[in-house]
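protein03.txt, holding compact mmCIF, C-alpha atoms and all ligand atoms:
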# COMPACT_ATOMS: atom_id res chain seq x y z
CA MET A 1 100.87 116.95 82.46
CA SER A 2 103.86 118.19 84.40
CA ALA A 3 107.30 118.64 82.90
CA ASP A 4 108.96 116.03 85.09
CA GLY A 5 106.68 113.25 83.80
CA LEU A 6 105.13 112.81 87.21
CA ALA A 7 101.40 112.88 87.73
CA ILE A 8 101.84 113.00 91.49
CA SER A 9 104.83 114.18 93.46
CA VAL A 10 104.78 114.22 97.24
CA HIS A 11 107.42 115.36 99.73
CA GLY A 12 107.18 114.97 103.48
CA LEU A 13 103.40 114.99 103.32
CA THR A 14 101.96 114.98 106.83
CA LYS A 15 98.54 115.14 108.44
CA THR A 16 97.90 115.25 112.14
CA TYR A 17 94.57 115.06 113.96
CA GLY A 18 95.36 116.41 117.40
CA ARG A 19 98.13 114.15 118.65
CA LEU A 20 97.51 111.43 116.09
CA VAL A 21 99.83 111.51 113.08
CA ALA A 22 97.56 109.98 110.43
CA VAL A 23 100.02 110.56 107.56
CA ASP A 24 103.63 110.85 108.60
CA HIS A 25 106.12 112.51 106.23
CA ILE A 26 105.43 110.41 103.17
CA ASP A 27 107.24 110.75 99.83
CA MET A 28 105.84 109.48 96.53
CA SER A 29 106.71 109.96 92.86
CA ILE A 30 104.05 108.59 90.54
CA PRO A 31 104.81 108.62 86.80
CA THR A 32 102.12 109.88 84.44
CA GLY A 33 100.06 107.06 83.01
CA SER A 34 100.93 104.48 85.64
CA ILE A 35 98.88 102.58 88.20
CA PHE A 36 100.20 103.15 91.69
CA GLY A 37 98.99 101.29 94.76
CA LEU A 38 98.96 102.40 98.36
CA LEU A 39 98.75 99.11 100.23
CA GLY A 40 98.20 98.91 103.96
CA PRO A 41 95.96 97.74 106.78
CA ASN A 42 92.93 99.57 108.11
CA GLY A 43 93.88 102.83 109.77
CA ALA A 44 97.23 103.06 107.96
CA GLY A 45 96.46 106.50 106.48
CA LYS A 46 95.38 105.59 102.94
CA THR A 47 92.13 107.52 102.81
CA THR A 48 93.71 110.49 104.54
CA THR A 49 96.44 110.53 101.87
CA ILE A 50 93.79 110.69 99.13
CA LYS A 51 91.96 113.45 100.99
CA LEU A 52 95.21 115.43 101.18
CA LEU A 53 95.99 114.93 97.49
CA THR A 54 92.51 115.95 96.39
CA GLY A 55 92.44 119.02 98.64
CA ILE A 56 89.50 117.69 100.68
CA THR A 57 91.50 118.03 103.85
CA ASP A 58 94.23 120.52 104.78
CA ILE A 59 97.87 119.53 104.65
CA THR A 60 99.59 119.85 108.04
CA ASP A 61 103.12 119.75 106.63
CA GLY A 62 105.01 118.92 103.46
CA SER A 63 104.01 119.43 99.85
CA ALA A 64 102.14 117.69 97.05
CA THR A 65 101.87 118.33 93.34
CA VAL A 66 99.06 116.64 91.44
CA ALA A 67 98.64 116.91 87.64
CA GLY A 68 101.26 119.65 87.66
CA PHE A 69 99.62 121.84 90.31
CA ASP A 70 100.55 122.46 93.91
CA VAL A 71 97.72 121.13 96.05
CA ARG A 72 98.09 123.87 98.64
CA ARG A 73 98.47 126.83 96.32
CA GLU A 74 96.14 125.80 93.50
CA PRO A 75 93.57 123.39 94.93
CA MET A 76 90.93 124.32 92.33
CA SER A 77 93.27 123.50 89.44
CA VAL A 78 93.93 120.13 91.05
CA LYS A 79 90.22 119.42 91.60
CA GLN A 80 89.49 120.09 87.93
CA ARG A 81 92.07 117.50 86.90
CA VAL A 82 91.34 114.64 89.24
CA GLY A 83 88.50 112.16 89.63
CA TRP A 84 87.60 110.08 92.63
CA VAL A 85 86.02 106.65 92.74
CA ALA A 86 85.01 106.16 96.36
CA ALA A 87 84.16 102.88 98.00
CA GLU A 88 80.86 104.31 99.10
CA VAL A 89 78.04 104.48 96.64
CA ILE A 90 77.73 107.78 94.87
CA LEU A 91 75.11 106.75 92.32
CA ASP A 92 71.52 107.90 92.60
CA ASP A 93 69.45 104.75 92.24
CA ASP A 94 66.28 106.61 91.30
CA LEU A 95 67.90 108.28 88.32
CA SER A 96 68.84 106.64 85.03
CA GLY A 97 72.44 106.15 83.95
CA TRP A 98 72.20 109.16 81.67
CA GLU A 99 70.63 111.29 84.44
CA ASN A 100 73.45 110.32 86.78
CA LEU A 101 75.91 111.54 84.17
CA TRP A 102 73.87 114.75 83.78
CA LEU A 103 73.95 115.25 87.57
CA GLN A 104 77.69 114.72 87.62
CA ALA A 105 78.08 117.29 84.84
CA GLN A 106 76.09 119.80 86.93
CA LEU A 107 78.24 119.12 89.98
CA GLN A 108 81.38 119.61 87.93
CA ARG A 109 79.87 122.60 86.08
CA LEU A 110 80.59 121.03 82.72
CA SER A 111 78.85 122.65 79.77
CA ASP A 112 80.05 120.42 76.98
CA TRP A 113 79.74 116.92 78.36
CA LYS A 114 77.26 114.95 76.23
CA GLY A 115 79.76 113.70 73.67
CA ARG A 116 82.05 112.48 76.42
CA ALA A 117 79.13 110.86 78.25
CA ASP A 118 78.14 109.01 75.08
CA GLN A 119 81.70 107.86 74.57
CA LEU A 120 81.93 106.59 78.16
CA LEU A 121 78.61 104.72 77.95
CA LYS A 122 79.84 103.04 74.77
CA TYR A 123 83.20 102.22 76.32
CA PHE A 124 81.57 100.61 79.35
CA GLU A 125 78.90 98.89 77.20
CA LEU A 126 76.09 100.66 79.02
CA SER A 127 74.57 102.52 76.06
CA ASP A 128 71.46 100.35 75.82
CA ARG A 129 70.76 100.73 79.55
CA ARG A 130 71.25 104.50 79.64
CA LYS A 131 67.54 105.20 80.21
CA ASP A 132 67.11 102.56 82.94
CA LYS A 133 67.24 103.49 86.59
CA VAL A 134 70.64 102.75 88.08
CA GLY A 135 68.84 100.92 90.89
CA THR A 136 68.17 98.12 88.36
CA TYR A 137 71.86 97.74 87.38
CA SER A 138 74.00 94.78 88.43
CA THR A 139 76.92 95.36 90.78
CA GLY A 140 79.34 95.24 87.84
CA MET A 141 77.32 97.80 85.88
CA ARG A 142 77.17 100.07 88.91
CA LYS A 143 80.96 99.94 89.21
CA LYS A 144 81.26 100.85 85.53
CA MET A 145 78.87 103.75 86.07
CA GLU A 146 80.86 105.02 89.05
CA ILE A 147 84.05 105.00 87.00
CA ALA A 148 82.26 106.70 84.10
CA LEU A 149 81.19 109.50 86.45
CA ALA A 150 84.75 109.91 87.68
CA LEU A 151 86.02 110.13 84.09
CA LEU A 152 83.37 112.54 82.77
CA HIS A 153 85.44 115.71 83.17
CA GLU A 154 88.46 114.06 81.53
CA PRO A 155 90.69 113.96 84.62
CA GLU A 156 94.41 113.26 84.32
CA VAL A 157 94.48 111.36 87.58
CA ILE A 158 91.87 109.18 89.24
CA PHE A 159 91.90 108.16 92.87
CA MET A 160 90.26 104.89 93.82
CA ASP A 161 89.92 104.32 97.54
CA GLU A 162 89.56 100.60 98.24
CA PRO A 163 87.64 100.16 94.99
CA THR A 164 86.87 96.48 95.45
CA ILE A 165 86.11 96.37 99.16
CA GLY A 166 83.24 94.02 99.94
CA LEU A 167 82.85 92.82 96.34
CA ASP A 168 82.71 89.14 95.53
CA ALA A 169 85.62 87.57 93.68
CA ASN A 170 84.02 87.73 90.20
CA VAL A 171 83.11 91.39 90.37
CA ARG A 172 86.49 92.15 91.88
CA ARG A 173 88.28 90.58 88.93
CA MET A 174 86.02 92.36 86.48
CA LEU A 175 86.89 95.62 88.20
CA TRP A 176 90.62 94.85 87.95
CA ASP A 177 90.18 94.51 84.18
CA LEU A 178 88.22 97.76 84.09
CA ILE A 179 90.92 99.61 86.01
CA THR A 180 93.75 98.43 83.76
CA GLY A 181 91.53 99.08 80.71
CA VAL A 182 90.71 102.64 81.75
CA ASN A 183 94.36 103.29 82.53
CA ARG A 184 95.40 102.17 79.03
CA SER A 185 92.48 103.49 77.00
CA PHE A 186 92.27 106.94 78.58
CA GLY A 187 95.92 107.32 79.59
CA VAL A 188 94.75 108.31 83.04
CA THR A 189 97.06 107.88 86.02
CA VAL A 190 95.50 105.74 88.74
CA LEU A 191 96.27 105.94 92.44
CA LEU A 192 94.41 103.19 94.24
CA THR A 193 94.42 102.12 97.84
CA SER A 194 93.84 98.61 98.99
CA HIS A 195 94.39 96.22 101.81
CA TYR A 196 94.16 93.28 99.40
CA ILE A 197 97.59 91.93 98.61
CA GLU A 198 96.64 90.19 95.35
CA GLU A 199 94.95 93.33 94.12
CA ALA A 200 98.05 95.48 94.47
CA ASP A 201 100.13 92.70 92.98
CA ALA A 202 97.84 92.20 89.98
CA LEU A 203 97.19 95.83 89.12
CA CYS A 204 100.00 98.11 90.14
CA ASP A 205 103.15 99.16 88.32
CA ARG A 206 104.45 100.33 91.65
CA VAL A 207 103.29 99.87 95.21
CA ALA A 208 103.97 101.79 98.40
CA ILE A 209 103.31 99.84 101.55
CA ILE A 210 101.96 102.09 104.30
CA ASP A 211 101.64 101.34 108.00
CA GLN A 212 100.77 103.75 110.81
CA GLY A 213 101.02 106.74 108.50
CA ARG A 214 104.48 105.86 107.21
CA ILE A 215 105.50 104.42 103.88
CA VAL A 216 107.70 101.51 104.85
CA VAL A 217 108.77 100.47 101.35
CA THR A 218 108.11 101.38 97.70
CA GLY A 219 108.78 99.42 94.52
CA SER A 220 107.28 97.32 91.77
CA PRO A 221 105.53 94.19 93.08
CA SER A 222 108.34 92.00 91.74
CA GLU A 223 111.06 94.18 93.29
CA LEU A 224 109.30 94.03 96.62
CA LYS A 225 108.75 90.29 96.49
CA SER A 226 112.37 89.63 95.67
CA ARG A 227 113.34 91.36 98.94
CA VAL A 228 112.03 88.47 100.97
CA LYS A 229 113.49 85.07 100.18
CA GLU A 230 112.29 83.27 103.28
CA ASP A 231 108.93 81.82 104.24
CA PHE A 232 107.00 82.70 107.35
CA ILE A 233 105.14 80.26 109.53
CA GLU A 234 102.46 81.82 111.67
CA LEU A 235 101.05 79.77 114.48
CA GLU A 236 98.84 80.00 117.48
CA THR A 237 99.04 77.45 120.25
CA SER A 238 96.49 76.46 122.86
CA GLU A 239 99.13 76.19 125.58
CA SER A 240 101.64 78.93 126.19
CA VAL A 241 105.01 78.40 124.56
CA THR A 242 108.21 80.36 125.05
CA GLN A 243 110.07 82.28 122.42
CA GLU A 244 113.21 80.26 123.29
CA LYS A 245 111.49 76.99 122.58
CA LEU A 246 110.40 78.16 119.13
CA ALA A 247 113.79 79.70 118.36
CA ALA A 248 115.45 76.38 119.18
CA ILE A 249 113.56 74.55 116.41
CA PRO A 250 116.10 73.67 113.70
CA GLY A 251 115.68 75.91 110.65
CA VAL A 252 113.95 78.78 112.48
CA SER A 253 116.00 81.93 112.02
CA GLU A 254 113.76 84.43 113.81
CA VAL A 255 110.76 84.38 116.16
CA ARG A 256 108.40 87.28 116.69
CA SER A 257 105.25 87.47 118.73
CA GLN A 258 102.17 88.96 117.15
CA GLY A 259 99.32 89.25 119.57
CA ARG A 260 98.47 85.71 120.58
CA ALA A 261 100.30 84.29 117.58
CA TRP A 262 103.94 83.69 116.73
CA VAL A 263 105.69 84.41 113.45
CA LEU A 264 108.66 82.20 112.59
CA ARG A 265 111.04 83.10 109.78
CA VAL A 266 112.33 79.99 108.03
CA ALA A 267 114.26 79.25 104.84
CA SER A 268 111.73 76.71 103.66
CA ALA A 269 108.43 76.04 105.42
CA GLU A 270 108.14 72.53 103.98
CA GLU A 271 111.42 71.52 105.58
CA VAL A 272 110.80 73.12 108.94
CA LEU A 273 107.17 72.14 109.52
CA PRO A 274 107.93 68.56 110.65
CA ALA A 275 110.29 69.95 113.29
CA VAL A 276 107.61 72.43 114.40
CA PHE A 277 105.12 69.60 114.80
CA HIS A 278 107.74 67.62 116.64
CA ALA A 279 108.61 70.42 119.05
CA LEU A 280 105.01 71.37 119.79
CA LYS A 281 102.37 68.78 120.37
CA THR A 282 100.25 68.73 117.21
CA ASP A 283 97.03 68.99 119.18
CA GLY A 284 98.45 72.05 120.89
CA ILE A 285 98.55 73.96 117.60
CA ARG A 286 95.34 75.91 117.21
CA ARG A 287 96.12 77.61 113.92
CA ILE A 288 99.04 77.42 111.51
CA ASN A 289 99.60 79.33 108.32
CA VAL A 290 102.46 79.37 105.84
CA GLU A 291 103.27 82.59 104.01
CA LYS A 292 105.38 82.15 100.88
CA PRO A 293 107.16 85.21 99.39
CA SER A 294 104.39 87.68 98.49
CA LEU A 295 103.57 91.28 99.22
CA GLU A 296 102.06 89.95 102.44
CA SER A 297 105.37 88.45 103.49
CA VAL A 298 107.12 91.73 102.63
CA PHE A 299 104.75 93.43 105.05
CA ILE A 300 105.27 90.74 107.69
CA ASP A 301 109.03 91.04 107.17
CA ILE A 302 109.01 94.78 107.83
CA THR A 303 106.25 95.19 110.41
CA GLY A 304 105.75 91.73 111.93
CA LYS A 305 102.01 92.02 111.17
CA ARG A 306 99.63 90.92 108.43
CA ILE A 307 98.01 93.50 106.16
CA ASP A 308 94.79 91.70 105.51
CA GLN A 309 93.51 90.93 108.99
CA GLY A 310 90.60 88.89 107.78
CA GLY A 311 88.49 91.82 106.63
CA SER A 312 85.83 91.20 109.25
CA ASP A 313 84.93 94.88 109.03
CA VAL A 314 83.62 94.52 105.51
CA PRO A 315 80.00 93.46 106.12
CA ASP A 316 79.57 96.21 108.73
CA TYR A 317 81.03 98.72 106.34
CA ARG A 318 78.54 97.77 103.63
CA LYS A 319 75.70 97.93 106.11
CA PHE A 320 76.85 101.32 107.30
CA TYR A 321 76.66 102.79 103.81
CA ALA A 322 73.39 101.08 103.05
CA ASN A 323 71.93 102.71 106.16
CA LEU A 324 73.44 106.03 105.27
CA ARG A 325 71.83 105.93 101.82
CA ARG A 326 68.49 104.97 103.28
CA ALA A 327 68.75 107.86 105.72
CA GLN A 328 69.45 110.27 102.88
CA ARG A 329 66.28 109.43 100.98
N1 LIG A 401 88.74 113.21 110.66
C1 LIG A 401 89.53 112.49 111.48
N2 LIG A 401 89.71 112.88 112.75
C2 LIG A 401 90.50 112.17 113.58
N3 LIG A 401 91.19 111.05 113.22
C3 LIG A 401 91.05 110.63 111.96
C4 LIG A 401 90.21 111.32 111.02
N4 LIG A 401 90.28 110.66 109.83
C5 LIG A 401 91.10 109.61 110.03
N5 LIG A 401 91.57 109.59 111.29
C6 LIG A 401 92.52 108.60 111.85
O1 LIG A 401 93.67 108.63 111.03
C7 LIG A 401 94.20 107.32 110.87
C8 LIG A 401 94.26 106.98 109.40
O2 LIG A 401 92.93 106.84 108.92
P1 LIG A 401 92.62 106.51 107.40
O3 LIG A 401 93.39 107.43 106.52
O4 LIG A 401 91.15 106.52 107.26
O5 LIG A 401 93.19 105.04 107.26
P2 LIG A 401 92.92 103.95 106.12
O6 LIG A 401 92.18 104.61 105.01
O7 LIG A 401 94.28 103.47 105.72
O8 LIG A 401 92.12 102.86 106.76
C9 LIG A 401 93.30 106.40 111.67
O9 LIG A 401 93.90 106.21 112.95
C10 LIG A 401 92.02 107.18 111.77
O10 LIG A 401 91.32 106.82 112.94
MG MG A 402 90.39 104.08 104.14

Spell out the structure here as structure tokens.
Ligand SMILES: Nc1ncnc2c1ncn2[C@@H]1O[C@H](COP(=O)(O)OP(=O)(O)O)[C@@H](O)[C@H]1O
Ligand SMILES: [Mg+2]
Amino acid sequence: MSADGLAISVHGLTKTYGRLVAVDHIDMSIPTGSIFGLLGPNGAGKTTTIKLLTGITDITDGSATVAGFDVRREPMSVKQRVGWVAAEVILDDDLSGWENLWLQAQLQRLSDWKGRADQLLKYFELSDRRKDKVGTYSTGMRKKMEIALALLHEPEVIFMDEPTIGLDANVRRMLWDLITGVNRSFGVTVLLTSHYIEEADALCDRVAIIDQGRIVVTGSPSELKSRVKEDFIELETSESVTQEKLAAIPGVSEVRSQGRAWVLRVASAEEVLPAVFHALKTDGIRRINVEKPSLESVFIDITGKRIDQGGSDVPDYRKFYANLRRAQR
């Protein structure tokens, strides 16, 4: 643990790929023992940030200290003290739970790991399935196993990149409980990324919202939500409508275009909706959505966009990794 009580400290951290600035001068201070969320849409720079902090990819500019060590100067010391739970499957289905732990111990070059492995299996209630092939585990058990692998070398910090992507609601909630449980029981600092608003809200002590490589705001979920008092009405119309016409609706304080949709800022959606329906023919409204103060509305407030753009990429993503695993056999 570092003297300043921070598990992660980042100043002006930057990564460029050619002309693309994937991570753009970000600053973060993450207290030891906390759960910190990096929330942002696809392509915002979340995975790249984790790659920078774990030393997987080179830092272009700026500095980062993780578990008390400078990532640039002492990458090996950092690697020994961090774990990574990736969205992609890292388990070997043909090996048992115990054999997966053994394999992880080999990869990490751990000599004295069996006691810890036993403890983790007990903690995750997997002891009686330790000899069964991981391929026979349920999704929830697989998630537990992945976290157990990440914790085997007793890391101070674990990184979870979109840990619940593509999971159904029940497993997602179970994983939320696991993450908070692991954080409390093992005192491990968690940095997770997500594009799910409720996830960041439910889990994180503090959240940084990232868009196009930049952190646009940082704070506790309740601090962030209290920034935005107004509601947003998003709508899409079948006929074209002018910005002036929308701005003239009583109660609308701001109008922004977002692709084919419009975003109206209003004091209270309930009070303004009748006027919206009055101004636009009801059958001309193709889609309408009310956003009450939430981390989503904070993001809309700052960027004019939604974070969670439907997640239509998710099935493809799962398929991609399924194919990858098949190819590796
Ligand atoms: N190895 C790479 N080479 C070139 N561009 C990359 C590479 N990795 C990521 N990027 C780009 O950097 C940006 C941030 O990507 P990423 O960190 O994966 O975002 P997120 O995890 O938030 O979805 C994206 O525009 C992505 O296309
Ligand atoms: Mg990513």

Pick out the residues sitting within 9 Å of Ile285 (chain A), and hand them over as a VMD selection string; count only C-alpha atoms, and ignore anything fewer than 4 positions along from it in its own chain.
chain A and resid 235 to 239 277 280 to 281

8 Å shell around ligand MG 402 (chain A) using all atoms listed in the file, listed as a PyMOL selection string:
chain A and resi 42-48+161-162+193

Closest-contact table, chain A side, partner ligand LIG 401 (chain A), 10 Å, counting all atoms listed in the file, as JSON lines:
{"residue": "A:Lys15", "atom": "CA", "partner": "A:LIG401", "partner_atom": "O1", "distance": 8.5}
{"residue": "A:Thr16", "atom": "CA", "partner": "A:LIG401", "partner_atom": "O1", "distance": 7.9}
{"residue": "A:Tyr17", "atom": "CA", "partner": "A:LIG401", "partner_atom": "C2", "distance": 5.0}
{"residue": "A:Gly18", "atom": "CA", "partner": "A:LIG401", "partner_atom": "C2", "distance": 7.5}
{"residue": "A:Arg19", "atom": "CA", "partner": "A:LIG401", "partner_atom": "N3", "distance": 9.3}
{"residue": "A:Leu20", "atom": "CA", "partner": "A:LIG401", "partner_atom": "O1", "distance": 6.9}
{"residue": "A:Val21", "atom": "CA", "partner": "A:LIG401", "partner_atom": "O1", "distance": 7.1}
{"residue": "A:Ala22", "atom": "CA", "partner": "A:LIG401", "partner_atom": "O1", "distance": 4.2}
{"residue": "A:Val23", "atom": "CA", "partner": "A:LIG401", "partner_atom": "C8", "distance": 7.0}
{"residue": "A:Leu38", "atom": "CA", "partner": "A:LIG401", "partner_atom": "O7", "distance": 8.8}
{"residue": "A:Leu39", "atom": "CA", "partner": "A:LIG401", "partner_atom": "O7", "distance": 8.3}
{"residue": "A:Gly40", "atom": "CA", "partner": "A:LIG401", "partner_atom": "O7", "distance": 6.3}
{"residue": "A:Pro41", "atom": "CA", "partner": "A:LIG401", "partner_atom": "O7", "distance": 6.1}
{"residue": "A:Asn42", "atom": "CA", "partner": "A:LIG401", "partner_atom": "O8", "distance": 3.6}
{"residue": "A:Gly43", "atom": "CA", "partner": "A:LIG401", "partner_atom": "O5", "distance": 3.4}
{"residue": "A:Ala44", "atom": "CA", "partner": "A:LIG401", "partner_atom": "O7", "distance": 3.7}
{"residue": "A:Gly45", "atom": "CA", "partner": "A:LIG401", "partner_atom": "O3", "distance": 3.2}
{"residue": "A:Lys46", "atom": "CA", "partner": "A:LIG401", "partner_atom": "O7", "distance": 3.7}
{"residue": "A:Thr47", "atom": "CA", "partner": "A:LIG401", "partner_atom": "O6", "distance": 3.6}
{"residue": "A:Thr48", "atom": "CA", "partner": "A:LIG401", "partner_atom": "O3", "distance": 3.7}
{"residue": "A:Thr49", "atom": "CA", "partner": "A:LIG401", "partner_atom": "O3", "distance": 6.4}
{"residue": "A:Ile50", "atom": "CA", "partner": "A:LIG401", "partner_atom": "O3", "distance": 8.1}
{"residue": "A:Lys51", "atom": "CA", "partner": "A:LIG401", "partner_atom": "O3", "distance": 8.3}
{"residue": "A:Leu52", "atom": "CA", "partner": "A:LIG401", "partner_atom": "O3", "distance": 9.8}
{"residue": "A:Thr57", "atom": "CA", "partner": "A:LIG401", "partner_atom": "N1", "distance": 8.8}
{"residue": "A:Asp161", "atom": "CA", "partner": "A:LIG401", "partner_atom": "O6", "distance": 7.8}
{"residue": "A:Glu162", "atom": "CA", "partner": "A:LIG401", "partner_atom": "O6", "distance": 8.3}
{"residue": "A:Thr193", "atom": "CA", "partner": "A:LIG401", "partner_atom": "O6", "distance": 7.9}
{"residue": "A:Ser194", "atom": "CA", "partner": "A:LIG401", "partner_atom": "O7", "distance": 8.3}
{"residue": "A:His195", "atom": "CA", "partner": "A:LIG401", "partner_atom": "O7", "distance": 8.2}
{"residue": "A:Ile210", "atom": "CA", "partner": "A:LIG401", "partner_atom": "O7", "distance": 7.9}
{"residue": "A:Asp211", "atom": "CA", "partner": "A:LIG401", "partner_atom": "O7", "distance": 8.0}
{"residue": "A:Gln212", "atom": "CA", "partner": "A:LIG401", "partner_atom": "C8", "distance": 7.4}
{"residue": "A:Gly213", "atom": "CA", "partner": "A:LIG401", "partner_atom": "C8", "distance": 6.8}

Residues at most 8 Å from Leu152 (chain A), counting all atoms listed in the file, excluding those fewer than 6 positions away in the same chain, as JSON, numbers by chain?
{"A": [101, 104, 105, 113, 116, 117, 120]}

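We find CA of Val228 (chain A) and CA of Gly33 (chain A) to be spaced 28.5 Å apart.
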
Could you check how far CA of Ile30 (chain A) sits from CA of Ile8 (chain A), in Å to one decimal?
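Atom-to-atom, CA of Ile30 (chain A) and CA of Ile8 (chain A) are spaced 5.0 Å apart.
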
Nearby residues (only C-alpha atoms) at most 8 Å from Asp27 (chain A), same-chain spacing under 2 positions excluded, as a PyMOL selection string:
chain A and resi 9-13+25+29+215

Considering only C-alpha atoms, state which residue in the set A:Leu53, A:Ile288, A:Val85, A:Ile165 is at the smallest distance from Asp70 (chain A).
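Comparing A:Leu53, A:Ile288, A:Val85, A:Ile165 against Asp70 (chain A), the winner is A:Leu53.
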
Name the closest residue to Thr136 (chain A) among the candidates A:Glu154, A:Glu99, A:Asp94, A:Glu271; distances are taken between atoms, counting only C-alpha atoms.
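The shortest atom-to-atom distance to Thr136 (chain A) comes from A:Asp94.
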
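Comparing the minimum interatomic distances between Lys229 (chain A) and each of A:Ala86, A:Ala169, A:Ala269, A:Ala7, counting only C-alpha atoms, we find that A:Ala269 sits nearest.
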